[in-house]
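A short worksheet on the structure shown next.
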Amino acid sequence: MAKRALPLVLLTAACAATVGGDESIDHEPADGHAGALGVTSSSAKVCTEAPEPSTAPNDFAPTTTEPPVTFPRGGWLPGGAVAFQAPGSGSLRTSLRVAAPNDTRPVIDLPRGPLTVRVSTQAASPAGAPKTLVQLRAPGLPLSRYLLATSYSVKSDGALDLERVDLIEAATGAVHDSAGGFDDFAPWPLSCEEKAIARFGPIPAGMPSFKWPENDFCSGEKCVQTRFAYLQAVHATWRMTQMMDIIASYPYSAQRSWAWGRSGTDQLGDPVTERTSPQYWFGGYTDERFAVVRELYQDHLNVLRAAEMDGIDLHLRCPGSGQHGCLGTNAHHVVKGYVNICPESWSDLDAAFPANAEQWLTWFDHIVGHELYHHHWVHIDGLGWKMVRDTFTHRHNATCTSLATGQDYSYWGYSPYDKLPRHLATYNNSDGETCGHRNVALRNVDSYNTFARIVGFMVWKKQLWHWPEPAPPTPQPPSCHSDPGCLCDPTGPHDLPDGDYRDDRFCPDLDGTPSVCVETTVNASSTVGICRRCADVRGPGCACNDLEAPCDVGSCWGDDTGGLNSSWGECYVGTPPLWSCLADCDALLNHGECMQEMLAFAQRAVCVPEGTAGPDAANCQQFTGHIDPNTLACTDDPQCGPGAGGVTCAQLGYPPYFVCDASQRCIADP
């Protein structure tokens, strides 16, 4: 959590030590030091936290306290969608440790609904025991080595039905004793965990079981509130895994990209807020980005179900002011496994929402949910394992060299409350480059937490029923030309095709903003070229670099000219069109150009020295010749291979998908 800088303003997230942030640049600035343009990053420490370890822990996906089970993913709809409001209700199985590690008692009584569950090493119940006393025998091990699992259902009036209890060996998940059949007893929640379940209401069908974290210093209503927030975190994360499973069910990247950008719908099928779309929080779709987000949510669900992270039991604590790091902060998770919800959470929320109980509860659940994400790691291609955090140094401006350091929280005092996570998902500089912001979003705690909290809350409130929103009827082609969203223009004598539609169509760059002609389906099965701005979606035909400006749609071709990510390429889905040279001609030939006259021979465009493109050069290139970059004349001399002294296309600077063909020329072979 962040220290308060202004009265009544307390950021709602666990703070992190500032780390050099933008992953598109190899050298990261240290906190408080001048950046490349002399811009000084913040030197204020918002809290005390151990620096990010240089290596990630070995255990990334803790096992649950019981063998993972295949639970219903919410009910499937035709066309590939999830029905969050699945018919019927379910039961919830939760577990708690029977005794603390240092508790050596041979008999412990635990209240469960109207019953007392006695866990004992004794062989039999005492004579004349009342019907409300249920005894479970724990053989051979101290009681601290056992979990008591309890299965509940919730009635419409909020009362609990206690279905069964199981005594489980914590280390193995083996069930040693059980009891059930409690229909004769008047149900009523007694413990704070039971009150939290009753407050949550009817259990959704398929809700996964989980173990409660250890309770430290939380009593009375605070215990119920923190337990309820934990239950909401389990529910919300489960809903995110449902969404990610739906996306994964689509076999093609283009289909997954479509789902990634969709919102959910209400009971009537009308779209709800765009905040239910993954693209809103993490930017445009890429297969890698989706894989990172999906794995994080699945790992987080594993952590919450096991109440364990990297072998460390989770503790949910309510320390007093000044205790356990609670000084000028809402909450923190500095020491792995120990989530501290500080007194300021209650006092600040009381001040911010004195007459709005729902908003108070929403943000309290947000605070608790946020803390639980700390100490996760994600693997990002080209960067390796990176810790999920709050504080980053962002890079901005046309050259991505201006530095700004801050915490990218969602916060009730901001307008809108999610403006900082949204900045990570949407930032583009004047050249359309992201300056690495999408990679920062993949590491930002509140990008994950706020997204999950919104989806979980809306499902719980029955405001969100289905996801993704079905596609609208296939549109008819527009009648306009040239502008974004309009038909592409025919190429003239001095125009070059762009995008991926046809070699005789292009889009003008209006107002200096790059636009490309993208193949688009209309009228159910027809295709036309539609102008799309690369600043909106970096897709087919847009300039790209996998580090500085990765594709939102498709893969980047040509940015490996001269070495990995050393140049600029173009985004394409599948095999690029023939009018793309698939190399950065300017970088390859030190002022080269892409000769598209090869299209007349149904051959791929090739890079030639600047000023040499034309019919004569195309005739030279058609069979075995190429344009010599030194003489600027046609030659049949080998360009690569044995006749050129064994030089390879890679040594000449071509990307790795160029091969030396039979005529010993470097030719693209995508």
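Starting from 1 in every chain, residues are counted up; chains themselves are A, B, ... following the order of the structure tokens, and ligands are numbered from 1 as listed.
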**Item:** Backbone-only DSSP, alpha helix (DSSP H) members of stretch 139-304 of chain A, as a PyMOL selection string
**Value:** chain A and resi 192-200+220-249+253-260+278-282+287-304
**Message:** Env of A:Gly529: 10 Å cut, atoms = only C-alpha atoms, seq-sep filter 2 positions within chain, self excluded. Answer as number ranges by chain.
**Reply:** A: 477, 485-489, 499-502, 505-507, 516-522, 527, 531-532
**Request:** Run DSSP on the backbone and give me the residues of stretch 301-502 of chain A it puts in strand (DSSP E), as an MDAnalysis selection string.
**Result:** chainID A and resid 308:309 312:313 315:317 331:332 338:341 377:380 384:387 391:396 402:407 466:467 489:490
Counting only C-alpha atoms, what is within 6 Å of stretch 90-105 of chain A, bar same-chain residues fewer than 6 positions away, as a short mmCIF file (atom, residue, chain, number, x, y, z; two decimals) with C-alpha atoms, in the first residue's frame?
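File result09.cif, as written:
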data_model
loop_
_atom_site.label_atom_id
_atom_site.label_comp_id
_atom_site.auth_asym_id
_atom_site.auth_seq_id
_atom_site.Cartn_x
_atom_site.Cartn_y
_atom_site.Cartn_z
CA LEU A 143 -3.98 -32.20 15.16
CA SER A 144 -2.03 -29.34 13.54
CA TYR A 146 -5.10 -31.91 9.75
CA LEU A 147 -7.63 -29.73 7.95
CA LEU A 148 -11.35 -29.71 8.66
CA ALA A 149 -13.23 -29.43 5.36
CA THR A 150 -16.86 -28.32 5.57
CA SER A 151 -19.41 -28.35 2.76
CA TYR A 152 -22.19 -25.73 2.85
CA SER A 153 -25.08 -24.62 0.72
CA ILE A 203 -23.27 -20.67 -4.11
CA PRO A 204 -22.82 -20.69 -7.91
CA ALA A 205 -22.88 -24.09 -9.54
CA SER A 209 -13.38 -25.58 -3.09
CA PHE A 210 -10.66 -23.73 -1.20
CA LYS A 211 -8.79 -23.53 2.09
CA TRP A 212 -9.17 -20.43 4.24
#
**Complete:** Using only C-alpha atoms, the best pick from A:Leu115, A:Cys400, A:Val368, A:Val445 as closest to A:Gly432 would be A:Cys400
**Prompt:** Taking into account only C-alpha atoms, which residue in the set A:Val455, A:Val165, A:Ala306, A:Val154 is nearest to A:Arg199?
**Reply:**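 The closest residue to A:Arg199 is A:Val154.
If you measure from each of A:Val388, A:Met243, A:Leu136, A:Cys342 to A:Cys218 using only C-alpha atoms, the closest one turns out to be A:Cys342.
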**Prompt:** Nearest to A:Glu433: which of A:Ala331, A:Leu349, A:Cys534, A:Met207 is it, counting only C-alpha atoms?
**Reply:** A:Cys534
**Straight-line distance linking atom CA of A:Gln639 with atom CA of A:Tyr654, stated in Å to one decimal** = 11.9 Å
